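Have a look at start-v8.txt; it's compact mmCIF, C-alpha atoms:
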# COMPACT_ATOMS: atom_id res chain seq x y z
CA MET A 1 -46.01 47.80 27.20
CA ARG A 2 -43.61 50.52 28.41
CA VAL A 3 -42.70 48.44 31.43
CA LEU A 4 -42.00 45.42 29.24
CA HIS A 5 -39.97 47.58 26.82
CA THR A 6 -37.90 48.92 29.72
CA ILE A 7 -37.17 45.41 31.02
CA VAL A 8 -36.05 44.25 27.58
CA LEU A 9 -33.85 47.33 27.14
CA LEU A 10 -32.19 46.84 30.51
CA ALA A 11 -31.56 43.19 29.72
CA THR A 12 -29.57 44.18 26.65
CA LEU A 13 -27.32 46.72 28.41
CA PRO A 14 -23.79 45.70 29.45
CA VAL A 15 -23.51 44.75 33.09
CA ALA A 16 -20.39 45.40 35.16
CA LEU A 17 -19.25 42.10 36.63
CA PRO A 18 -16.63 41.55 39.32
CA ALA A 19 -13.15 41.22 37.84
CA GLN A 20 -12.21 37.59 37.31
CA GLU A 21 -8.69 36.34 37.68
CA ALA A 22 -7.08 34.98 34.52
CA ALA A 23 -6.90 31.21 34.38
CA PRO A 24 -3.56 30.11 35.76
CA SER A 25 -1.11 28.94 33.13
CA ALA A 26 -0.07 25.29 33.09
CA PRO A 27 3.04 24.44 35.09
CA VAL A 28 6.30 24.14 33.20
CA ILE A 29 8.18 20.86 32.92
CA ALA A 30 11.86 21.06 32.00
CA ILE A 31 13.46 17.90 30.60
CA ARG A 32 17.24 17.66 30.60
CA ALA A 33 18.27 15.36 27.73
CA GLY A 34 21.76 13.89 27.60
CA ALA A 35 21.27 13.49 23.85
CA LEU A 36 18.32 14.54 21.73
CA ILE A 37 17.51 12.89 18.39
CA ASP A 38 14.78 15.21 17.18
CA GLY A 39 13.32 13.13 14.31
CA THR A 40 14.47 15.41 11.48
CA GLY A 41 17.56 13.36 10.66
CA ALA A 42 19.89 16.00 12.11
CA ALA A 43 22.82 14.97 14.30
CA PRO A 44 21.94 14.51 17.98
CA LEU A 45 21.97 17.55 20.23
CA ARG A 46 23.97 17.14 23.44
CA ASN A 47 22.73 18.39 26.81
CA ALA A 48 19.54 19.91 25.42
CA VAL A 49 16.66 21.23 27.51
CA ILE A 50 13.05 20.67 26.43
CA LEU A 51 10.39 22.88 28.01
CA VAL A 52 6.85 21.55 28.13
CA GLN A 53 3.76 23.49 29.16
CA GLY A 54 0.41 21.79 29.02
CA ALA A 55 0.31 19.41 26.07
CA ARG A 56 2.94 21.20 23.96
CA ILE A 57 6.65 21.83 23.71
CA THR A 58 7.50 25.52 24.16
CA ALA A 59 11.29 25.53 23.69
CA VAL A 60 14.10 23.13 22.76
CA GLY A 61 17.86 23.46 22.65
CA PRO A 62 21.21 23.40 24.48
CA ALA A 63 20.94 27.10 25.35
CA VAL A 64 17.40 26.93 26.79
CA ALA A 65 17.32 28.04 30.44
CA VAL A 66 15.26 26.18 33.04
CA PRO A 67 12.65 28.63 34.38
CA ALA A 68 12.37 29.19 38.12
CA GLY A 69 9.77 26.88 39.64
CA ALA A 70 9.77 24.41 36.74
CA THR A 71 9.50 20.70 37.46
CA VAL A 72 12.75 19.16 36.25
CA ILE A 73 12.94 15.66 34.78
CA ASP A 74 16.56 14.58 34.59
CA LEU A 75 17.18 12.43 31.52
CA SER A 76 20.82 13.50 31.23
CA SER A 77 21.89 9.83 31.07
CA TRP A 78 19.36 9.00 28.36
CA THR A 79 18.74 9.64 24.67
CA VAL A 80 15.45 11.48 24.12
CA LEU A 81 13.44 11.08 20.91
CA PRO A 82 9.97 11.97 19.58
CA GLY A 83 7.18 9.58 20.53
CA PHE A 84 7.24 6.65 18.12
CA ILE A 85 4.57 6.13 15.46
CA ASP A 86 3.42 2.70 14.27
CA ALA A 87 1.45 3.09 11.05
CA HIS A 88 0.12 -0.49 10.91
CA VAL A 89 -1.38 -2.19 13.96
CA HIS A 90 -4.43 -4.27 14.85
CA LEU A 91 -5.13 -3.57 18.52
CA ALA A 92 -8.61 -5.09 18.80
CA GLY A 93 -9.05 -8.84 19.13
CA PRO A 94 -6.69 -11.67 20.06
CA VAL A 95 -3.09 -12.03 18.95
CA VAL A 96 -2.46 -14.48 16.10
CA GLY A 97 -1.23 -17.77 17.48
CA ASP A 98 -2.88 -17.29 20.90
CA GLY A 99 -5.49 -19.91 21.65
CA ASP A 100 -8.16 -20.45 19.01
CA TRP A 101 -7.44 -17.13 17.27
CA GLN A 102 -8.82 -18.36 13.92
CA HIS A 103 -12.32 -18.72 15.29
CA ALA A 104 -12.37 -15.60 17.47
CA GLU A 105 -15.04 -14.05 15.24
CA LEU A 106 -17.33 -16.96 16.16
CA MET A 107 -16.42 -17.25 19.84
CA GLN A 108 -15.94 -13.63 20.94
CA SER A 109 -18.17 -10.57 20.72
CA PRO A 110 -17.05 -7.17 19.38
CA ALA A 111 -17.10 -5.98 23.01
CA GLU A 112 -14.52 -8.60 23.93
CA HIS A 113 -12.38 -7.56 20.98
CA ALA A 114 -12.50 -3.95 22.15
CA LEU A 115 -11.44 -5.02 25.66
CA HIS A 116 -8.52 -6.89 24.13
CA GLY A 117 -7.74 -3.62 22.41
CA ALA A 118 -7.63 -1.66 25.67
CA ALA A 119 -5.00 -4.02 27.08
CA HIS A 120 -3.01 -3.97 23.85
CA ALA A 121 -3.17 -0.16 23.70
CA GLN A 122 -1.51 0.16 27.10
CA GLN A 123 1.22 -2.30 26.10
CA THR A 124 1.82 -0.26 22.94
CA LEU A 125 2.11 3.01 24.85
CA GLU A 126 4.50 1.41 27.34
CA ALA A 127 6.75 0.53 24.36
CA GLY A 128 7.01 4.23 23.47
CA PHE A 129 4.49 4.32 20.61
CA THR A 130 2.40 7.39 21.33
CA THR A 131 0.54 7.31 17.99
CA VAL A 132 -0.67 4.38 15.90
CA ARG A 133 -2.75 3.82 12.78
CA ASN A 134 -5.13 0.91 13.36
CA VAL A 135 -5.76 -0.50 9.90
CA GLY A 136 -8.93 -2.49 10.39
CA ALA A 137 -11.17 -3.74 13.17
CA GLY A 138 -14.55 -5.43 13.15
CA ALA A 139 -17.60 -3.49 14.36
CA PHE A 140 -15.53 -0.29 14.64
CA ALA A 141 -13.79 -1.51 17.78
CA ASP A 142 -10.80 0.69 16.92
CA VAL A 143 -13.01 3.78 16.70
CA ALA A 144 -14.47 2.99 20.13
CA LEU A 145 -10.97 2.48 21.53
CA ARG A 146 -9.76 5.74 19.97
CA ASN A 147 -12.64 7.60 21.58
CA ALA A 148 -12.06 5.98 24.98
CA ILE A 149 -8.38 6.92 24.92
CA ASP A 150 -9.14 10.47 23.80
CA ALA A 151 -11.68 10.81 26.60
CA GLY A 152 -9.13 9.62 29.16
CA TRP A 153 -10.99 6.45 30.11
CA VAL A 154 -8.12 4.08 29.28
CA PRO A 155 -4.39 4.62 28.61
CA GLY A 156 -3.10 4.16 25.11
CA PRO A 157 -1.58 5.80 22.06
CA ARG A 158 -3.34 8.33 19.89
CA ILE A 159 -5.22 6.25 17.29
CA VAL A 160 -5.86 6.95 13.62
CA ALA A 161 -8.65 4.44 13.00
CA ALA A 162 -9.68 2.71 9.77
CA GLY A 163 -12.87 1.08 11.00
CA VAL A 164 -13.80 -1.90 8.81
CA SER A 165 -11.16 -2.66 6.17
CA PHE A 166 -12.71 -4.03 2.98
CA GLY A 167 -12.00 -5.89 -0.24
CA ILE A 168 -13.69 -8.31 -2.63
CA ASN A 169 -16.17 -10.96 -1.53
CA GLY A 170 -14.10 -13.98 -0.51
CA GLY A 171 -10.90 -11.95 -0.39
CA HIS A 172 -8.39 -11.17 2.33
CA CYS A 173 -10.52 -8.48 4.00
CA ASP A 174 -13.76 -10.50 3.91
CA GLY A 175 -14.31 -11.64 7.50
CA SER A 176 -16.64 -14.45 6.43
CA ALA A 177 -14.27 -16.00 3.88
CA GLY A 178 -13.13 -19.56 4.49
CA TYR A 179 -16.16 -20.65 6.53
CA TRP A 180 -18.93 -22.86 5.18
CA ALA A 181 -21.79 -20.96 3.58
CA GLY A 182 -24.15 -21.27 6.56
CA ALA A 183 -21.69 -20.07 9.19
CA PHE A 184 -22.19 -16.40 8.32
CA PRO A 185 -24.62 -14.48 6.15
CA GLN A 186 -23.26 -13.54 2.74
CA GLY A 187 -20.52 -10.99 3.41
CA GLY A 188 -21.40 -7.33 3.01
CA ILE A 189 -19.85 -3.95 3.71
CA ALA A 190 -20.14 -4.38 7.48
CA ASP A 191 -18.12 -7.62 7.13
CA GLY A 192 -15.43 -6.13 4.89
CA ALA A 193 -16.79 -7.22 1.49
CA ALA A 194 -17.59 -4.74 -1.27
CA ASP A 195 -17.62 -5.44 -5.03
CA GLY A 196 -17.88 -3.02 -7.90
CA VAL A 197 -17.52 0.74 -8.07
CA ASP A 198 -20.91 1.64 -6.56
CA GLU A 199 -20.60 -0.71 -3.60
CA ILE A 200 -17.04 0.43 -3.00
CA ARG A 201 -18.11 4.06 -2.80
CA GLU A 202 -20.79 3.02 -0.33
CA ALA A 203 -18.17 1.17 1.74
CA VAL A 204 -16.01 4.31 1.97
CA ARG A 205 -18.98 6.41 3.02
CA TYR A 206 -20.10 3.75 5.51
CA ASN A 207 -16.72 3.83 7.23
CA VAL A 208 -16.55 7.62 7.27
CA LYS A 209 -20.10 7.78 8.66
CA TYR A 210 -19.14 5.66 11.65
CA GLY A 211 -15.89 7.41 12.48
CA ALA A 212 -13.02 6.13 10.32
CA ASP A 213 -10.05 8.51 10.00
CA VAL A 214 -8.45 6.55 7.15
CA ILE A 215 -9.69 4.00 4.59
CA LYS A 216 -8.04 0.56 4.40
CA ILE A 217 -8.56 -1.79 1.44
CA CYS A 218 -7.20 -5.16 0.40
CA ALA A 219 -5.71 -4.87 -3.09
CA THR A 220 -4.32 -8.43 -3.05
CA GLY A 221 -4.62 -11.68 -1.15
CA GLY A 222 -2.91 -12.18 2.19
CA VAL A 223 -1.02 -14.61 4.37
CA LEU A 224 -3.49 -15.31 7.17
CA SER A 225 -6.64 -15.54 5.04
CA PRO A 226 -7.51 -19.17 4.28
CA ALA A 227 -9.15 -18.84 0.87
CA ASP A 228 -6.76 -16.90 -1.37
CA SER A 229 -3.26 -16.73 -2.79
CA VAL A 230 -1.05 -14.17 -1.08
CA GLY A 231 0.11 -12.42 -4.24
CA VAL A 232 -3.00 -12.40 -6.41
CA GLN A 233 -4.57 -9.04 -7.27
CA GLN A 234 -8.14 -8.79 -5.92
CA TYR A 235 -9.46 -5.30 -6.67
CA THR A 236 -9.22 -3.98 -10.22
CA GLU A 237 -7.47 -0.68 -10.79
CA GLU A 238 -10.83 0.89 -11.66
CA GLU A 239 -12.26 -0.24 -8.32
CA MET A 240 -9.27 1.12 -6.45
CA ARG A 241 -9.61 4.46 -8.24
CA ALA A 242 -13.19 4.59 -7.00
CA VAL A 243 -11.97 4.04 -3.43
CA VAL A 244 -9.41 6.82 -3.73
CA GLU A 245 -11.88 9.24 -5.31
CA ALA A 246 -14.56 8.62 -2.65
CA ALA A 247 -11.99 8.85 0.16
CA ARG A 248 -10.55 12.09 -1.22
CA MET A 249 -14.01 13.65 -1.31
CA ALA A 250 -14.34 12.76 2.36
CA GLU A 251 -10.82 14.09 3.10
CA ARG A 252 -9.50 10.64 3.95
CA ARG A 253 -6.32 8.86 2.85
CA VAL A 254 -6.20 5.28 1.58
CA ALA A 255 -3.96 2.46 2.81
CA ALA A 256 -3.78 -0.58 0.54
CA HIS A 257 -2.84 -4.03 1.82
CA ALA A 258 -0.82 -5.35 -1.13
CA HIS A 259 1.66 -8.24 -1.38
CA GLY A 260 1.70 -9.10 -5.09
CA THR A 261 3.50 -7.03 -7.71
CA GLU A 262 0.62 -6.32 -10.09
CA GLY A 263 -1.75 -5.42 -7.27
CA ILE A 264 0.85 -3.05 -5.83
CA LYS A 265 1.32 -1.29 -9.17
CA ALA A 266 -2.42 -0.99 -9.76
CA ALA A 267 -2.93 0.48 -6.27
CA VAL A 268 -0.13 3.00 -6.80
CA ARG A 269 -1.52 4.06 -10.18
CA ALA A 270 -4.96 4.38 -8.58
CA GLY A 271 -3.54 6.92 -6.13
CA VAL A 272 -3.47 5.19 -2.74
CA THR A 273 -1.41 6.93 -0.05
CA SER A 274 0.45 3.87 1.18
CA ILE A 275 1.22 0.28 0.30
CA GLU A 276 1.05 -2.01 3.33
CA HIS A 277 3.57 -4.90 3.29
CA GLY A 278 4.72 -4.51 -0.33
CA SER A 279 6.19 -8.00 -0.24
CA ILE A 280 6.88 -8.61 -3.95
CA LEU A 281 8.22 -5.37 -5.41
CA ASP A 282 10.09 -5.02 -8.67
CA GLU A 283 12.01 -2.12 -10.21
CA GLU A 284 8.92 -0.74 -11.95
CA ALA A 285 6.88 -0.80 -8.74
CA VAL A 286 9.67 1.02 -6.90
CA ARG A 287 9.89 3.63 -9.66
CA LEU A 288 6.12 4.20 -9.60
CA MET A 289 6.08 4.58 -5.82
CA ARG A 290 9.00 7.00 -5.87
CA GLU A 291 7.52 9.12 -8.68
CA ARG A 292 4.05 9.31 -7.10
CA GLY A 293 5.23 9.75 -3.51
CA THR A 294 3.51 6.56 -2.36
CA TYR A 295 4.64 5.38 1.06
CA LEU A 296 5.73 1.84 1.86
CA VAL A 297 4.75 0.50 5.28
CA PRO A 298 6.82 -2.70 5.28
CA THR A 299 5.76 -4.64 8.44
CA LEU A 300 8.99 -6.65 8.67
CA MET A 301 7.94 -7.91 12.10
CA ALA A 302 4.89 -9.53 10.54
CA GLY A 303 7.12 -11.53 8.20
CA GLU A 304 9.32 -12.59 11.09
CA GLY A 305 6.29 -13.37 13.25
CA VAL A 306 4.44 -15.61 10.80
CA THR A 307 7.69 -17.42 9.94
CA ARG A 308 8.18 -18.25 13.60
CA LEU A 309 4.56 -19.41 14.00
CA ALA A 310 4.83 -21.57 10.89
CA ARG A 311 8.01 -23.25 12.09
CA GLU A 312 6.45 -23.85 15.50
CA GLY A 313 3.47 -25.58 13.89
CA ARG A 314 1.00 -22.95 15.14
CA LEU A 315 -0.48 -22.11 11.73
CA PRO A 316 -2.68 -24.31 9.51
CA PRO A 317 -0.57 -25.96 6.77
CA ALA A 318 -1.86 -23.84 3.86
CA ILE A 319 -1.28 -20.59 5.77
CA ALA A 320 2.12 -21.79 7.03
CA ALA A 321 3.23 -22.45 3.46
CA LYS A 322 2.27 -18.91 2.44
CA ALA A 323 4.09 -17.46 5.45
CA LEU A 324 7.33 -19.30 4.72
CA ALA A 325 7.22 -18.28 1.07
CA ILE A 326 6.49 -14.58 1.53
CA ALA A 327 8.78 -13.53 4.42
CA PRO A 328 12.11 -13.69 2.52
CA ARG A 329 10.60 -11.77 -0.39
CA LEU A 330 9.35 -9.10 2.01
CA GLU A 331 12.91 -8.49 3.24
CA ARG A 332 14.33 -8.29 -0.30
CA SER A 333 11.59 -5.92 -1.41
CA PHE A 334 12.21 -3.66 1.58
CA ARG A 335 15.88 -3.35 0.66
CA LEU A 336 14.93 -2.64 -2.96
CA ALA A 337 12.54 0.12 -1.85
CA VAL A 338 15.11 1.75 0.45
CA THR A 339 17.84 1.81 -2.19
CA GLY A 340 15.29 2.99 -4.76
CA GLY A 341 14.31 6.08 -2.77
CA VAL A 342 10.76 5.10 -1.77
CA LYS A 343 9.33 6.93 1.24
CA VAL A 344 9.05 4.50 4.15
CA ALA A 345 6.99 4.74 7.36
CA LEU A 346 7.38 2.26 10.18
CA GLY A 347 4.55 -0.24 10.57
CA THR A 348 4.63 -3.57 12.36
CA ASP A 349 1.30 -5.41 11.94
CA ALA A 350 1.20 -5.83 15.72
CA GLY A 351 -1.48 -8.39 16.45
CA VAL A 352 0.27 -10.90 14.21
CA PHE A 353 2.73 -11.04 17.14
CA PRO A 354 2.42 -9.76 20.73
CA HIS A 355 1.73 -6.06 21.25
CA GLY A 356 4.29 -3.96 23.08
CA THR A 357 7.22 -5.42 21.15
CA ASN A 358 6.80 -2.92 18.29
CA GLY A 359 10.26 -1.39 18.79
CA HIS A 360 11.83 -4.48 17.22
CA GLU A 361 10.76 -3.09 13.84
CA PHE A 362 13.53 -0.48 14.14
CA THR A 363 16.04 -3.32 14.54
CA LEU A 364 14.74 -5.18 11.48
CA MET A 365 14.70 -2.05 9.33
CA ALA A 366 18.35 -1.40 10.22
CA ARG A 367 19.20 -5.06 9.61
CA HIS A 368 17.69 -5.05 6.12
CA GLY A 369 19.03 -1.88 4.56
CA MET A 370 18.39 1.28 6.58
CA THR A 371 20.77 3.19 8.80
CA PRO A 372 19.57 3.54 12.42
CA MET A 373 18.81 7.23 11.77
CA GLN A 374 16.71 6.35 8.71
CA ALA A 375 14.81 3.81 10.78
CA ILE A 376 14.17 6.42 13.50
CA GLN A 377 12.86 8.88 10.91
CA ALA A 378 10.58 6.15 9.51
CA GLY A 379 9.09 5.73 12.98
CA THR A 380 8.76 9.44 13.76
CA LEU A 381 8.57 12.21 11.12
CA ASN A 382 7.78 9.90 8.18
CA GLY A 383 4.97 8.27 10.13
CA ALA A 384 3.55 11.64 11.12
CA THR A 385 3.67 12.86 7.52
CA LEU A 386 1.98 9.70 6.20
CA LEU A 387 -0.82 10.20 8.73
CA GLY A 388 -1.14 13.91 7.90
CA ARG A 389 -0.20 14.83 11.48
CA GLU A 390 3.25 16.36 10.87
CA ARG A 391 2.19 19.78 12.21
CA ASP A 392 1.77 18.26 15.66
CA LEU A 393 3.84 15.08 15.71
CA GLY A 394 7.02 13.41 14.51
CA THR A 395 9.73 15.81 15.69
CA VAL A 396 10.82 17.49 18.90
CA ALA A 397 10.25 21.18 18.22
CA ALA A 398 8.56 24.20 19.78
CA GLY A 399 4.83 24.12 19.12
CA LYS A 400 4.61 20.35 18.62
CA LEU A 401 2.70 18.10 20.98
CA ALA A 402 4.87 16.91 23.84
CA ASP A 403 5.19 13.26 22.84
CA LEU A 404 8.64 12.13 24.01
CA VAL A 405 10.43 8.89 24.77
CA ALA A 406 13.83 8.13 26.25
CA VAL A 407 16.16 5.13 26.07
CA ARG A 408 19.47 4.33 27.70
CA GLY A 409 22.51 4.30 25.44
CA ASP A 410 22.96 5.49 21.88
CA PRO A 411 20.44 4.01 19.42
CA LEU A 412 22.59 5.18 16.50
CA ALA A 413 25.29 2.80 17.73
CA ASP A 414 22.91 0.09 18.99
CA VAL A 415 19.48 0.37 17.41
CA THR A 416 18.11 -2.37 19.71
CA ALA A 417 18.07 0.29 22.45
CA LEU A 418 14.77 1.41 20.89
CA GLU A 419 13.24 -1.88 22.03
CA ARG A 420 13.81 -0.86 25.67
CA VAL A 421 12.00 2.40 26.36
CA ASP A 422 12.39 3.76 29.90
CA PHE A 423 10.45 7.04 29.66
CA VAL A 424 7.21 7.91 27.86
CA MET A 425 5.42 11.25 27.75
CA LYS A 426 2.24 11.77 25.72
CA ASP A 427 0.55 15.15 25.40
CA GLY A 428 2.80 16.51 28.16
CA ALA A 429 1.77 13.85 30.71
CA VAL A 430 4.36 11.37 31.96
CA PHE A 431 3.12 7.82 31.49
CA LYS A 432 6.32 5.88 32.17
CA GLN A 433 9.47 6.88 34.04
CA ASP A 434 12.59 4.90 34.95
CA GLY A 435 11.04 1.90 33.21
CA ARG A 436 7.86 1.92 35.35
CA VAL A 437 4.32 3.03 34.58
CA VAL A 438 3.77 5.93 36.94
CA GLY A 439 0.01 5.71 37.48
CA ARG A 440 -3.38 6.48 36.03
CA SER A 441 -3.59 10.14 37.08
CA ALA A 442 -0.22 11.04 35.58
CA ALA A 443 -1.24 9.37 32.33
CA GLY A 444 -4.38 11.51 32.13
CA ILE A 445 -6.72 8.62 33.00
CA ARG A 446 -9.92 9.39 34.88

What is this file in structure tokens?
Amino acid sequence: MRVLHTIVLLATLPVALPAQEAAPSAPVIAIRAGALIDGTGAAPLRNAVILVQGARITAVGPAVAVPAGATVIDLSSWTVLPGFIDAHVHLAGPVVGDGDWQHAELMQSPAEHALHGAAHAQQTLEAGFTTVRNVGAGAFADVALRNAIDAGWVPGPRIVAAGVSFGINGGHCDGSAGYWAGAFPQGGIADGAADGVDEIREAVRYNVKYGADVIKICATGGVLSPADSVGVQQYTEEEMRAVVEAARMAERRVAAHAHGTEGIKAAVRAGVTSIEHGSILDEEAVRLMRERGTYLVPTLMAGEGVTRLAREGRLPPAIAAKALAIAPRLERSFRLAVTGGVKVALGTDAGVFPHGTNGHEFTLMARHGMTPMQAIQAGTLNGATLLGRERDLGTVAAGKLADLVAVRGDPLADVTALERVDFVMKDGAVFKQDGRVVGRSAAGIR
């Protein structure tokens, strides 16, 4: 027993180990910016230096010295901005208008949709969007894509994933709506259909269980769904309150697809974080959103995209009629929201049109009532704040993640410059330089 006691005692005593060298610090990258628009709305800084070490920015400003031995990236002929944020995309699955997109749920597996998503994610990152909110994907394809990007398997933006968006049986979010009764089983939570307060709470918990970062619901009908009117309210206010309550308990925010006026107002009163599209606003809706701090994510590109598809004869007649009716109202409502002081975050609805063209949303926002600087803030700091990621994203500042983009020219004079991104850095790794993708290893891909 004494021998055993001695062995145990010795095992608990501190042991002197050889001194280990401290882990080497990450190399420093120094970016020389001809002009820096930092995302706060402040006037551009001229000839600023941005120091990056590891994944984060360590110093910013015109007086910042370049440390000896730093790797210098010369963007002195460019305008540097924070990485862009698109708060409304659908990366997984085919693009609307491409091939037999209407029947993709019948013809393609969830695995194929996720592979579509990997290609679309790279296109999105190439366009300068380093963070996106994916507001709905079947079989949690967006969650799988988020995890693959985070693990470094595929290149793409940081994803805030909604999992399976849901609404009423037969409504805009119901993936089985519009088919004959035998084509699919009766829609359930896994298909985006949930009715009544109890089932809605279960739908929130189902999505959280399988990895959703945000909850997406359909408060009204939609354009591309075949079986409903675009403006009609679908969830009751009581049902939407149940969504918000269940999401809040799980520390999740709620995005509400809402075109019609009454559905928008009910969703705002219920406490959702953002209204997606907001196509038919009135003065009361604007006042409610302003008073409650509800964000508008306007998706002007979606309106432009479905209008083009309708005029080209690439949408079924009933859907084309809805598209042509709603797009002009979307533009008017956006202007009403901007002048009324509603908080706006950039969102495109990419997937309704080709991915990688997301920067055109800046152009449309400036065309329909915003200044270029307001549009930039909508796609940077406002987007980060909507997503709850403002501590790390949305502005160029010491301590923030090193998500940076650069464009030639002055986007405050020509906002279309934001559609032509030449440089992309995400988490301190250069993904695109001089207009070219620089390779898998530099983008953190294994």

Residues near A:Ala384, anyone? I mean within 8 Å using only C-alpha atoms, not counting same-chain ones fewer than 4 positions away, as a list of chain:residue names. A:Ile85, A:Thr380, A:Gly388, A:Arg389, A:Glu390, A:Leu393, A:Gly394

Using 9 Å as the limit and counting all atoms listed in the file, can you tabulate each residue of stretch 90-168 of chain A that touches stretch 306-321 of chain A, with its shortest atom-to-atom distance in Å and the two atoms involved, as a Markdown table?
| residue | atom | partner | partner_atom | distance |
| --- | --- | --- | --- | --- |
| A:Val96 | CA | A:Val306 | CA | 8.8 |
| A:Gly97 | CA | A:Arg314 | CA | 6.1 |
| A:Asp98 | CA | A:Arg314 | CA | 9.0 |

If I take atom CA of A:Ala137 and atom CA of A:Gly156, how far is one from the other in Å, to one decimal?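 Between these atoms lies a distance of 16.4 Å.
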
Would you mind listing what lies within 7 Å of A:Leu75 as a ChimeraX atom specification, with all atoms listed in the file counted and same-chain residues fewer than 4 positions away left out? /A:31-34

Hey, could you make a per-residue contact list for stretch 364-416 of chain A against stretch 251-261 of chain A with 12 Å as the cut-off, showing the nearest pair of atoms and its distance in Å to one decimal, counting all atoms listed in the file, sorted by chain and number, as JSON lines?
{"residue": "A:Thr385", "atom": "CA", "partner": "A:Arg253", "partner_atom": "CA", "distance": 11.7}
{"residue": "A:Leu386", "atom": "CA", "partner": "A:Arg253", "partner_atom": "CA", "distance": 9.0}
{"residue": "A:Leu387", "atom": "CA", "partner": "A:Arg253", "partner_atom": "CA", "distance": 8.2}
{"residue": "A:Gly388", "atom": "CA", "partner": "A:Arg253", "partner_atom": "CA", "distance": 8.8}

Identify, on the basis of all atoms listed in the file, every residue whose closest approach to A:Val344 does not exceed 8 Å; exclude the query and any residue fewer than 2 positions from it along the same chain; express the result as a list in words.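 That gives Tyr295, Leu296, Val297, Pro298, Val338, Val342, Leu346, Ala378 and Asn382 of chain A.
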
Which neighbours of stretch 39-41 of chain A fall inside 7 Å, counting all atoms listed in the file, when residues of the same chain fewer than 2 positions from it are skipped, and could you give them as a ChimeraX atom specification? /A:37,43,81-82,373,376-377,380-381,394-396

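Relative to atom CA of A:Ala267, atom CA of A:Glu199 is found at 17.9 Å.
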
Centre, x/y/z edge lengths, axis-aligned box for stretch 231-246 of chain A with 5 Å per side, as JSON:
{"center_x": -7.2, "center_y": -1.6, "center_z": -7.2, "size_x": 24.7, "size_y": 31.7, "size_z": 19.0}
